[in-house]
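Data from upload29.tsv: TSV, C-alpha atoms
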chain	number	residue	atom	x	y	z
R	1	MET	CA	-37.68	-3.22	-21.79
R	2	VAL	CA	-34.66	-4.97	-23.26
R	3	ARG	CA	-32.51	-3.02	-20.80
R	4	ALA	CA	-34.71	-4.08	-17.89
R	5	ARG	CA	-34.49	-7.74	-18.90
R	6	SER	CA	-30.74	-7.49	-19.20
R	7	GLU	CA	-30.44	-5.91	-15.73
R	8	GLU	CA	-32.63	-8.62	-14.32
R	9	ARG	CA	-30.50	-11.28	-15.93
R	10	ARG	CA	-27.38	-9.73	-14.45
R	11	ALA	CA	-28.98	-9.79	-11.00
R	12	ASP	CA	-29.87	-13.48	-11.50
R	13	ILE	CA	-26.29	-14.24	-12.50
R	14	LEU	CA	-24.86	-12.48	-9.44
R	15	ARG	CA	-27.24	-14.34	-7.13
R	16	ALA	CA	-26.27	-17.64	-8.75
R	17	ALA	CA	-22.58	-16.77	-8.47
R	18	LEU	CA	-23.01	-15.97	-4.78
R	19	GLU	CA	-24.67	-19.36	-4.21
R	20	VAL	CA	-21.92	-21.21	-6.04
R	21	ILE	CA	-19.26	-19.27	-4.10
R	22	ALA	CA	-20.99	-20.12	-0.80
R	23	GLU	CA	-21.09	-23.81	-1.68
R	24	ARG	CA	-17.79	-24.34	-3.45
R	25	GLY	CA	-15.52	-21.42	-2.55
R	26	TYR	CA	-13.23	-19.44	-4.79
R	27	ARG	CA	-11.83	-22.29	-6.86
R	28	GLY	CA	-15.19	-23.97	-7.35
R	29	ALA	CA	-16.83	-20.79	-8.60
R	30	THR	CA	-16.10	-21.36	-12.29
R	31	LEU	CA	-17.94	-19.65	-15.13
R	32	GLY	CA	-19.25	-23.07	-16.14
R	33	SER	CA	-20.82	-23.82	-12.78
R	34	VAL	CA	-22.38	-20.35	-12.52
R	35	ALA	CA	-23.79	-20.63	-16.06
R	36	GLU	CA	-25.29	-24.01	-15.23
R	37	ARG	CA	-26.88	-22.66	-12.03
R	38	VAL	CA	-28.55	-19.76	-13.80
R	39	GLY	CA	-29.60	-21.78	-16.85
R	40	LEU	CA	-27.31	-20.19	-19.43
R	41	THR	CA	-24.72	-21.65	-21.72
R	42	GLN	CA	-21.18	-20.63	-20.82
R	43	GLN	CA	-21.20	-18.60	-24.05
R	44	GLY	CA	-24.36	-16.87	-22.88
R	45	LEU	CA	-22.78	-16.00	-19.54
R	46	LEU	CA	-19.70	-14.57	-21.27
R	47	HIS	CA	-21.99	-12.03	-22.92
R	48	TYR	CA	-22.62	-10.53	-19.48
R	49	TYR	CA	-19.29	-11.22	-17.77
R	50	PRO	CA	-16.38	-11.95	-20.10
R	51	THR	CA	-14.03	-13.42	-17.44
R	52	LYS	CA	-14.17	-15.09	-14.04
R	53	GLU	CA	-12.49	-12.00	-12.57
R	54	ALA	CA	-15.12	-9.67	-14.06
R	55	LEU	CA	-17.89	-11.81	-12.59
R	56	LEU	CA	-16.28	-12.02	-9.15
R	57	VAL	CA	-15.60	-8.27	-9.09
R	58	ALA	CA	-19.30	-7.69	-9.87
R	59	VAL	CA	-20.25	-10.02	-7.00
R	60	LEU	CA	-17.96	-8.17	-4.59
R	61	GLU	CA	-19.31	-4.77	-5.71
R	62	GLU	CA	-22.84	-6.00	-5.11
R	63	ARG	CA	-21.83	-7.32	-1.68
R	64	ASP	CA	-20.32	-3.94	-0.74
R	65	ARG	CA	-23.57	-2.24	-1.74
R	66	TRP	CA	-25.60	-4.57	0.49
R	67	ASP	CA	-23.15	-4.49	3.37
R	68	THR	CA	-23.07	-0.71	3.68
R	69	SER	CA	-26.74	0.07	3.19
R	70	GLY	CA	-29.13	-0.45	6.06
R	71	GLY	CA	-32.84	0.29	5.92
R	72	ARG	CA	-34.02	3.22	3.82
R	73	ASP	CA	-30.90	5.37	4.05
R	74	ARG	CA	-27.37	4.55	3.17
R	75	GLU	CA	-25.59	3.98	6.43
R	76	GLY	CA	-21.97	3.97	5.32
R	77	TRP	CA	-19.24	2.29	7.34
R	78	ARG	CA	-20.48	2.90	10.92
R	79	LEU	CA	-18.36	1.21	13.59
R	80	ASP	CA	-21.17	-0.72	15.27
R	81	LEU	CA	-22.43	-1.89	11.88
R	82	MET	CA	-18.88	-3.00	11.10
R	83	GLU	CA	-18.91	-5.20	14.20
R	84	SER	CA	-22.12	-6.85	13.00
R	85	LEU	CA	-20.67	-7.19	9.52
R	86	VAL	CA	-17.61	-9.03	10.83
R	87	GLU	CA	-19.90	-11.37	12.80
R	88	TYR	CA	-21.89	-11.97	9.64
R	89	ASN	CA	-18.74	-12.57	7.62
R	90	ALA	CA	-17.71	-15.28	10.10
R	91	MET	CA	-20.77	-17.21	8.90
R	92	ARG	CA	-20.00	-16.93	5.18
R	93	PRO	CA	-16.50	-18.26	4.54
R	94	GLY	CA	-17.09	-18.73	0.80
R	95	ILE	CA	-17.50	-15.06	-0.05
R	96	VAL	CA	-14.77	-14.03	2.42
R	97	GLN	CA	-12.43	-16.54	0.80
R	98	THR	CA	-13.31	-15.18	-2.64
R	99	PHE	CA	-12.70	-11.59	-1.53
R	100	SER	CA	-9.39	-12.48	0.14
R	101	ALA	CA	-8.05	-14.60	-2.70
R	102	LEU	CA	-8.93	-12.00	-5.33
R	103	LEU	CA	-7.46	-9.19	-3.20
R	104	GLY	CA	-4.25	-11.21	-2.92
R	105	GLU	CA	-4.02	-11.70	-6.67
R	106	SER	CA	-4.89	-8.08	-7.36
R	107	VAL	CA	-1.63	-6.70	-5.98
R	108	THR	CA	0.36	-8.43	-8.73
R	109	ASP	CA	1.27	-6.48	-11.84
R	110	GLY	CA	-1.43	-6.09	-14.45
R	111	HIS	CA	-4.11	-8.09	-12.62
R	112	PRO	CA	-7.65	-7.43	-13.93
R	113	ALA	CA	-9.05	-6.82	-10.41
R	114	ARG	CA	-6.34	-4.32	-9.43
R	115	GLU	CA	-8.30	-1.24	-10.48
R	116	PHE	CA	-11.43	-2.43	-8.68
R	117	PHE	CA	-9.62	-2.95	-5.39
R	118	THR	CA	-7.62	0.28	-5.67
R	119	GLU	CA	-10.79	2.29	-6.19
R	120	ARG	CA	-12.68	0.28	-3.59
R	121	TYR	CA	-10.15	1.10	-0.89
R	122	THR	CA	-10.06	4.78	-1.86
R	123	GLN	CA	-13.84	4.87	-1.47
R	124	VAL	CA	-13.96	2.72	1.67
R	125	ARG	CA	-11.37	4.87	3.46
R	126	ALA	CA	-13.13	8.11	2.48
R	127	SER	CA	-16.61	6.85	3.35
R	128	MET	CA	-15.43	5.37	6.64
R	129	ALA	CA	-13.65	8.61	7.59
R	130	ASP	CA	-16.86	10.55	6.82
R	131	THR	CA	-18.94	8.22	8.93
R	132	LEU	CA	-16.46	8.32	11.83
R	133	ARG	CA	-16.41	12.11	11.65
R	134	GLN	CA	-20.22	12.24	11.87
R	135	GLU	CA	-20.10	9.95	14.89
R	136	PHE	CA	-17.08	11.35	16.77
R	137	GLY	CA	-16.15	14.73	15.30
R	138	ASP	CA	-12.51	15.51	14.58
R	139	ARG	CA	-11.03	12.95	16.90
R	140	LEU	CA	-12.03	9.49	18.08
R	141	PRO	CA	-11.96	8.93	21.86
R	142	GLY	CA	-8.79	6.82	21.49
R	143	GLY	CA	-7.02	9.83	19.95
R	144	LEU	CA	-6.95	9.22	16.19
R	145	THR	CA	-8.51	11.47	13.57
R	146	PRO	CA	-11.17	9.82	11.36
R	147	GLU	CA	-8.78	9.91	8.40
R	148	ARG	CA	-6.11	8.02	10.34
R	149	ALA	CA	-8.52	5.52	11.86
R	150	ALA	CA	-10.12	4.54	8.54
R	151	PRO	CA	-7.20	2.65	6.96
R	152	LEU	CA	-6.64	0.82	10.26
R	153	VAL	CA	-10.26	-0.35	10.55
R	154	THR	CA	-10.05	-1.63	6.99
R	155	ALA	CA	-6.67	-3.28	7.58
R	156	VAL	CA	-7.85	-5.09	10.71
R	157	MET	CA	-10.94	-6.46	8.92
R	158	ASP	CA	-8.91	-7.71	5.96
R	159	GLY	CA	-5.96	-9.00	7.98
R	160	LEU	CA	-8.14	-10.95	10.42
R	161	GLN	CA	-9.91	-12.62	7.52
R	162	TYR	CA	-6.68	-14.25	6.33
R	163	GLN	CA	-5.85	-15.60	9.78
R	164	TRP	CA	-9.42	-16.82	10.25
R	165	LEU	CA	-9.69	-18.46	6.82
R	166	LEU	CA	-6.46	-20.35	7.44
R	167	ASP	CA	-7.39	-21.50	10.94
R	168	PRO	CA	-11.01	-20.76	11.92
R	169	SER	CA	-10.80	-22.53	15.27
R	170	ALA	CA	-7.71	-20.56	16.35
R	171	VAL	CA	-9.01	-17.07	15.52
R	172	ASP	CA	-12.13	-15.46	17.00
R	173	MET	CA	-12.56	-12.97	14.16
R	174	PRO	CA	-15.56	-11.04	15.56
R	175	GLY	CA	-14.05	-10.97	19.06
R	176	ALA	CA	-10.72	-9.69	17.77
R	177	PHE	CA	-12.47	-6.99	15.74
R	178	ARG	CA	-14.44	-5.89	18.82
R	179	ASP	CA	-11.13	-5.69	20.74
R	180	PHE	CA	-9.85	-3.35	18.07
R	181	VAL	CA	-12.97	-1.17	18.14
R	182	ARG	CA	-12.52	-0.83	21.91
R	183	LEU	CA	-8.99	0.44	21.30
R	184	LEU	CA	-10.45	3.12	19.02
R	185	TYR	CA	-12.76	4.14	21.88
R	186	GLY	CA	-9.76	4.38	24.24
R	187	SER	CA	-10.63	4.82	27.92
R	188	ASP	CA	-14.19	5.77	26.90
R	189	ALA	CA	-14.80	2.20	25.78
R	190	PRO	CA	-18.23	0.80	26.61
R	191	ALA	CA	-17.78	-2.13	29.03
A	1	MET	CA	30.74	-32.11	3.04
A	2	VAL	CA	28.10	-32.93	0.44
A	3	ARG	CA	25.46	-31.74	2.91
A	4	ALA	CA	27.34	-28.47	3.48
A	5	ARG	CA	27.59	-27.82	-0.27
A	6	SER	CA	23.90	-28.51	-0.71
A	7	GLU	CA	23.01	-26.11	2.14
A	8	GLU	CA	25.24	-23.49	0.58
A	9	ARG	CA	23.59	-23.94	-2.77
A	10	ARG	CA	20.16	-23.54	-1.21
A	11	ALA	CA	21.29	-20.29	0.41
A	12	ASP	CA	22.57	-19.08	-2.98
A	13	ILE	CA	19.22	-19.92	-4.57
A	14	LEU	CA	17.24	-18.06	-1.90
A	15	ARG	CA	19.45	-14.99	-2.27
A	16	ALA	CA	19.00	-15.09	-6.04
A	17	ALA	CA	15.24	-15.51	-5.66
A	18	LEU	CA	15.11	-12.52	-3.32
A	19	GLU	CA	16.96	-10.41	-5.90
A	20	VAL	CA	14.65	-11.47	-8.71
A	21	ILE	CA	11.60	-10.78	-6.52
A	22	ALA	CA	12.94	-7.32	-5.67
A	23	GLU	CA	13.47	-6.50	-9.33
A	24	ARG	CA	10.50	-8.14	-10.99
A	25	GLY	CA	7.88	-8.79	-8.31
A	26	TYR	CA	5.77	-11.87	-7.78
A	27	ARG	CA	4.89	-12.60	-11.40
A	28	GLY	CA	8.43	-12.03	-12.65
A	29	ALA	CA	9.94	-14.40	-10.11
A	30	THR	CA	9.77	-17.51	-12.26
A	31	LEU	CA	11.81	-20.64	-11.66
A	32	GLY	CA	13.56	-19.96	-14.98
A	33	SER	CA	14.72	-16.48	-14.03
A	34	VAL	CA	15.92	-17.62	-10.60
A	35	ALA	CA	17.79	-20.56	-12.13
A	36	GLU	CA	19.49	-18.25	-14.60
A	37	ARG	CA	20.50	-15.81	-11.84
A	38	VAL	CA	22.13	-18.52	-9.75
A	39	GLY	CA	23.75	-20.30	-12.71
A	40	LEU	CA	21.70	-23.49	-12.65
A	41	THR	CA	19.56	-25.13	-15.30
A	42	GLN	CA	15.87	-25.08	-14.48
A	43	GLN	CA	16.14	-28.84	-14.01
A	44	GLY	CA	18.97	-28.28	-11.54
A	45	LEU	CA	16.87	-25.77	-9.58
A	46	LEU	CA	13.92	-28.21	-9.44
A	47	HIS	CA	16.19	-30.61	-7.55
A	48	TYR	CA	16.21	-28.12	-4.65
A	49	TYR	CA	12.76	-26.55	-5.02
A	50	PRO	CA	10.26	-28.57	-7.06
A	51	THR	CA	7.72	-25.75	-7.58
A	52	LYS	CA	7.55	-21.97	-7.63
A	53	GLU	CA	5.42	-22.10	-4.48
A	54	ALA	CA	8.00	-24.24	-2.66
A	55	LEU	CA	10.74	-21.77	-3.58
A	56	LEU	CA	8.70	-18.72	-2.53
A	57	VAL	CA	7.70	-20.33	0.76
A	58	ALA	CA	11.40	-20.98	1.45
A	59	VAL	CA	12.17	-17.32	0.69
A	60	LEU	CA	9.41	-16.15	3.06
A	61	GLU	CA	10.60	-18.51	5.82
A	62	GLU	CA	14.11	-17.15	5.44
A	63	ARG	CA	12.78	-13.58	5.57
A	64	ASP	CA	10.87	-14.33	8.79
A	65	ARG	CA	14.07	-15.70	10.33
A	66	TRP	CA	15.98	-12.53	9.47
A	67	ASP	CA	13.17	-10.16	10.41
A	68	THR	CA	12.73	-11.52	13.91
A	69	SER	CA	16.34	-12.01	14.91
A	70	GLY	CA	18.39	-9.04	15.99
A	71	GLY	CA	22.01	-9.21	17.09
A	72	ARG	CA	23.13	-12.26	19.00
A	73	ASP	CA	19.83	-13.23	20.61
A	74	ARG	CA	16.51	-13.95	19.03
A	75	GLU	CA	14.40	-10.89	19.66
A	76	GLY	CA	10.98	-12.18	18.64
A	77	TRP	CA	8.18	-9.85	17.62
A	78	ARG	CA	8.89	-6.80	19.84
A	79	LEU	CA	6.59	-3.84	19.17
A	80	ASP	CA	9.30	-1.27	18.53
A	81	LEU	CA	11.09	-3.69	16.23
A	82	MET	CA	7.79	-4.23	14.42
A	83	GLU	CA	7.57	-0.50	13.75
A	84	SER	CA	11.04	-0.58	12.20
A	85	LEU	CA	10.11	-3.68	10.24
A	86	VAL	CA	7.07	-1.97	8.72
A	87	GLU	CA	9.28	1.00	7.77
A	88	TYR	CA	11.72	-1.41	6.18
A	89	ASN	CA	8.92	-3.22	4.35
A	90	ALA	CA	7.80	0.08	2.83
A	91	MET	CA	11.15	0.10	1.01
A	92	ARG	CA	10.87	-3.42	-0.41
A	93	PRO	CA	7.61	-3.73	-2.34
A	94	GLY	CA	8.75	-6.82	-4.27
A	95	ILE	CA	8.96	-9.13	-1.28
A	96	VAL	CA	5.84	-7.60	0.31
A	97	GLN	CA	3.94	-8.17	-2.94
A	98	THR	CA	5.17	-11.76	-3.05
A	99	PHE	CA	4.12	-12.38	0.55
A	100	SER	CA	0.70	-10.77	0.02
A	101	ALA	CA	-0.07	-12.52	-3.27
A	102	LEU	CA	0.94	-15.93	-1.91
A	103	LEU	CA	-1.04	-15.36	1.31
A	104	GLY	CA	-4.08	-14.51	-0.82
A	105	GLU	CA	-3.76	-17.68	-2.87
A	106	SER	CA	-3.10	-19.80	0.20
A	107	VAL	CA	-6.63	-19.44	1.59
A	108	THR	CA	-8.07	-21.32	-1.39
A	109	ASP	CA	-8.72	-25.03	-1.06
A	110	GLY	CA	-5.72	-27.32	-1.43
A	111	HIS	CA	-3.17	-24.58	-2.11
A	112	PRO	CA	0.44	-25.73	-1.60
A	113	ALA	CA	1.29	-22.72	0.62
A	114	ARG	CA	-1.71	-23.15	2.92
A	115	GLU	CA	0.10	-25.26	5.49
A	116	PHE	CA	3.04	-22.88	5.60
A	117	PHE	CA	0.85	-19.84	6.28
A	118	THR	CA	-1.37	-21.65	8.79
A	119	GLU	CA	1.68	-22.74	10.81
A	120	ARG	CA	3.36	-19.37	10.34
A	121	TYR	CA	0.44	-17.51	11.89
A	122	THR	CA	0.16	-19.99	14.76
A	123	GLN	CA	3.83	-19.35	15.51
A	124	VAL	CA	3.71	-15.60	14.91
A	125	ARG	CA	0.73	-15.14	17.24
A	126	ALA	CA	2.33	-17.28	19.97
A	127	SER	CA	5.74	-15.66	19.67
A	128	MET	CA	4.25	-12.16	19.58
A	129	ALA	CA	2.10	-12.86	22.65
A	130	ASP	CA	5.21	-14.12	24.49
A	131	THR	CA	7.18	-11.03	23.58
A	132	LEU	CA	4.34	-8.69	24.54
A	133	ARG	CA	4.00	-10.49	27.88
A	134	GLN	CA	7.71	-10.03	28.59
A	135	GLU	CA	7.38	-6.33	27.79
A	136	PHE	CA	4.03	-5.52	29.44
A	137	GLY	CA	3.02	-8.38	31.73
A	138	ASP	CA	-0.54	-9.68	31.66
A	139	ARG	CA	-2.10	-6.60	30.11
A	140	LEU	CA	-0.98	-3.95	27.63
A	141	PRO	CA	-1.50	-0.33	28.70
A	142	GLY	CA	-4.41	0.00	26.24
A	143	GLY	CA	-6.20	-2.84	28.05
A	144	LEU	CA	-5.71	-5.97	25.90
A	145	THR	CA	-4.03	-9.16	27.02
A	146	PRO	CA	-0.95	-10.19	25.00
A	147	GLU	CA	-2.92	-13.10	23.50
A	148	ARG	CA	-5.65	-10.78	22.25
A	149	ALA	CA	-3.27	-8.12	20.98
A	150	ALA	CA	-1.16	-10.56	18.93
A	151	PRO	CA	-3.68	-11.39	16.16
A	152	LEU	CA	-4.52	-7.68	15.83
A	153	VAL	CA	-0.89	-6.60	15.40
A	154	THR	CA	-0.51	-9.26	12.72
A	155	ALA	CA	-3.78	-8.31	11.03
A	156	VAL	CA	-2.87	-4.62	10.88
A	157	MET	CA	0.52	-5.37	9.33
A	158	ASP	CA	-0.97	-7.65	6.69
A	159	GLY	CA	-4.04	-5.53	5.97
A	160	LEU	CA	-2.06	-2.32	5.54
A	161	GLN	CA	0.23	-4.04	3.06
A	162	TYR	CA	-2.67	-4.67	0.67
A	163	GLN	CA	-3.84	-1.07	0.79
A	164	TRP	CA	-0.26	0.18	0.39
A	165	LEU	CA	0.61	-2.16	-2.50
A	166	LEU	CA	-2.50	-1.06	-4.38
A	167	ASP	CA	-1.95	2.66	-3.81
A	168	PRO	CA	1.42	3.52	-2.24
A	169	SER	CA	0.90	7.27	-2.46
A	170	ALA	CA	-2.45	7.13	-0.64
A	171	VAL	CA	-1.36	4.99	2.32
A	172	ASP	CA	1.39	5.87	4.80
A	173	MET	CA	1.98	2.30	5.89
A	174	PRO	CA	4.60	2.96	8.61
A	175	GLY	CA	2.61	5.95	9.95
A	176	ALA	CA	-0.61	3.95	10.12
A	177	PHE	CA	1.16	1.11	11.91
A	178	ARG	CA	2.60	3.57	14.47
A	179	ASP	CA	-0.93	4.92	15.00
A	180	PHE	CA	-2.04	1.40	15.80
A	181	VAL	CA	0.84	0.78	18.20
A	182	ARG	CA	-0.13	3.99	20.03
A	183	LEU	CA	-3.64	2.58	20.45
A	184	LEU	CA	-2.12	-0.49	22.09
A	185	TYR	CA	-0.32	1.83	24.52
A	186	GLY	CA	-3.61	3.60	25.31
A	187	SER	CA	-3.26	6.78	27.37
A	188	ASP	CA	0.32	5.76	28.30
A	189	ALA	CA	1.36	6.34	24.70
A	190	PRO	CA	4.76	7.99	24.25
A	191	ALA	CA	4.27	11.40	22.58
Would you write out, as structure tokens, the structure that this file holds?
Amino acid sequence: MVRARSEERRADILRAALEVIAERGYRGATLGSVAERVGLTQQGLLHYYPTKEALLVAVLEERDRWDTSGGRDREGWRLDLMESLVEYNAMRPGIVQTFSALLGESVTDGHPAREFFTERYTQVRASMADTLRQEFGDRLPGGLTPERAAPLVTAVMDGLQYQWLLDPSAVDMPGAFRDFVRLLYGSDAPA
Amino acid sequence: MVRARSEERRADILRAALEVIAERGYRGATLGSVAERVGLTQQGLLHYYPTKEALLVAVLEERDRWDTSGGRDREGWRLDLMESLVEYNAMRPGIVQTFSALLGESVTDGHPAREFFTERYTQVRASMADTLRQEFGDRLPGGLTPERAAPLVTAVMDGLQYQWLLDPSAVDMPGAFRDFVRLLYGSDAPA
């Protein structure tokens, strides 16, 4: 019962954090503003998430869970779902900004989010390769193996986000991602 | 004469900053350590570069100038040169880490490097599209126009850097970039 209440409280905090991120972006998403939104003191919030980084990592983990699960079954990183995901991301700059800023920080020495991102990418590449293999077998129509396509799909998604965040009107993020998916399909590309 | 000395001093500072970045990475590249390396007081260094961000942006601008100029003529962002550049980057994690960390920070509101990166990408995309058009005409063998290929090339380079910085042994950055270039060549890809 205590455990259930605590889980519920964590879910409330993550929802509140997501709202604050959507409204105020990475810099505005302070522990204080999230605590206020969810009706906790800052001290109370620290009991669940001891740092801003820990809270944001939890938000990003939760987002990954939502983004890769469709309907009853886990769907994994299917290419057509990825296209929809990039379209969806283009409508939520706050969380994309938070992801991109934290990813940028995480590559510096000793950053608290480094382990999360390192493990995330290991899992994303493996899960994406699995999903591509189920869809295409040992080789995608454009010629790459699933294992060699996976880091590229991930890189294109991440890299486009930086260009789009800096200059949304200059970069058609979903269109560019669809261009890339067509390259993976090679001459078999759907029109 | 005074101008020439000042330009020379700036060049010395950027060289020193590049050395410190190579040795100590993004976090270690403090104004104090760069000042010490070049034989200035920190106050003296601030006369040339008032903040760490201003200094790092100047280093990244200088790197872009070197990276895109070969021999006597400016070469721009030619695809085969890009492959060599990614190979070269895989041997200099310090500067790649500095670029990636600063790019990550720059997408947050009001960051001092935001303008630099926004303009950089505008220029990189335009220059890359020009170079691709000179090489391939209106359409790359894989089917994309130069203008639609340019943001993807840039995104793949940037995105792979994050995965590689987090886990160098798991990501063959130059190999993955070559895979992507082969996709751009489509079925005309050199073996």
*Find the residues in chain R near chain A: any atom within 7 Å counts, using all atoms listed in the file. Write them as a ChimeraX atom specification.*
/R:26-27,97,100-101,103-105,107-108,118,121,142,148,152,155-156,158-160,163,165-167,176,183-184,186
*asked:* List as a ChimeraX atom specification the protein and nucleic acid residues near stretch 33-48 of chain R, meaning an atom at most 8 Å away when all atoms listed in the file are counted, but skip any in the same chain fewer than 2 places from it.
replied: /R:10,12-13,16-17,20,28-31,50-51
*Of the residues R:Pro168, R:Gly76, R:Gly137, R:Pro146, which is the one nearest to R:Arg92, using all atoms listed in the file?*
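Looking only at the distances to R:Arg92, the closest residue turns out to be R:Pro168.
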*asked:* Rounded to one decimal, what separation in Å do you get between atom CA of R:Pro112 and atom CA of A:Phe116?
replied: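 Atom-to-atom, atom CA of R:Pro112 and atom CA of A:Phe116 are spaced 27.1 Å apart.
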_From the options R:Val181, R:Glu61, R:Leu56, R:Tyr88, which residue's atoms come nearest to R:Pro141, counting only C-alpha atoms?_
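Of R:Val181, R:Glu61, R:Leu56, R:Tyr88, the one nearest R:Pro141, counting only C-alpha atoms, is R:Val181.
Atom CA of A:Gly32 sits 16.6 Å away from atom CA of A:Ala58.
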*How many Å lie between atom CA of R:Thr68 and atom CA of R:Val86, rounded to one decimal?*
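Separation between atom CA of R:Thr68 and atom CA of R:Val86: 12.3 Å.
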Write out as a PDB file with C-alpha atoms, in the frame of the given file each polymer residue whose atoms come within 9 Å of A:Arg78, counting all atoms listed in the file; drop sequence neighbours fewer than 4 positions from it.
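Saved the output as result-v7.pdb:
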ATOM      1  CA  THR A  68      12.730 -11.520  13.910  1.00  0.00           C
ATOM      2  CA  MET A  82       7.790  -4.230  14.420  1.00  0.00           C
ATOM      3  CA  GLU A  83       7.570  -0.500  13.750  1.00  0.00           C
ATOM      4  CA  MET A 128       4.250 -12.160  19.580  1.00  0.00           C
ATOM      5  CA  THR A 131       7.180 -11.030  23.580  1.00  0.00           C
ATOM      6  CA  LEU A 132       4.340  -8.690  24.540  1.00  0.00           C
ATOM      7  CA  GLU A 135       7.380  -6.330  27.790  1.00  0.00           C
TER       8      GLU A 135
END
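Among the candidates R:Glu7, R:Pro93, R:Asp67, R:Tyr49, the residue lying nearest to R:Ile21 is R:Pro93 (atoms considered: all atoms listed in the file).
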*Need the neighbours of (8.2, -0.4, 19.6): which residues are at most 6 Å away, counting only C-alpha atoms, as a PyMOL selection string?*
chain A and resi 79-81+83
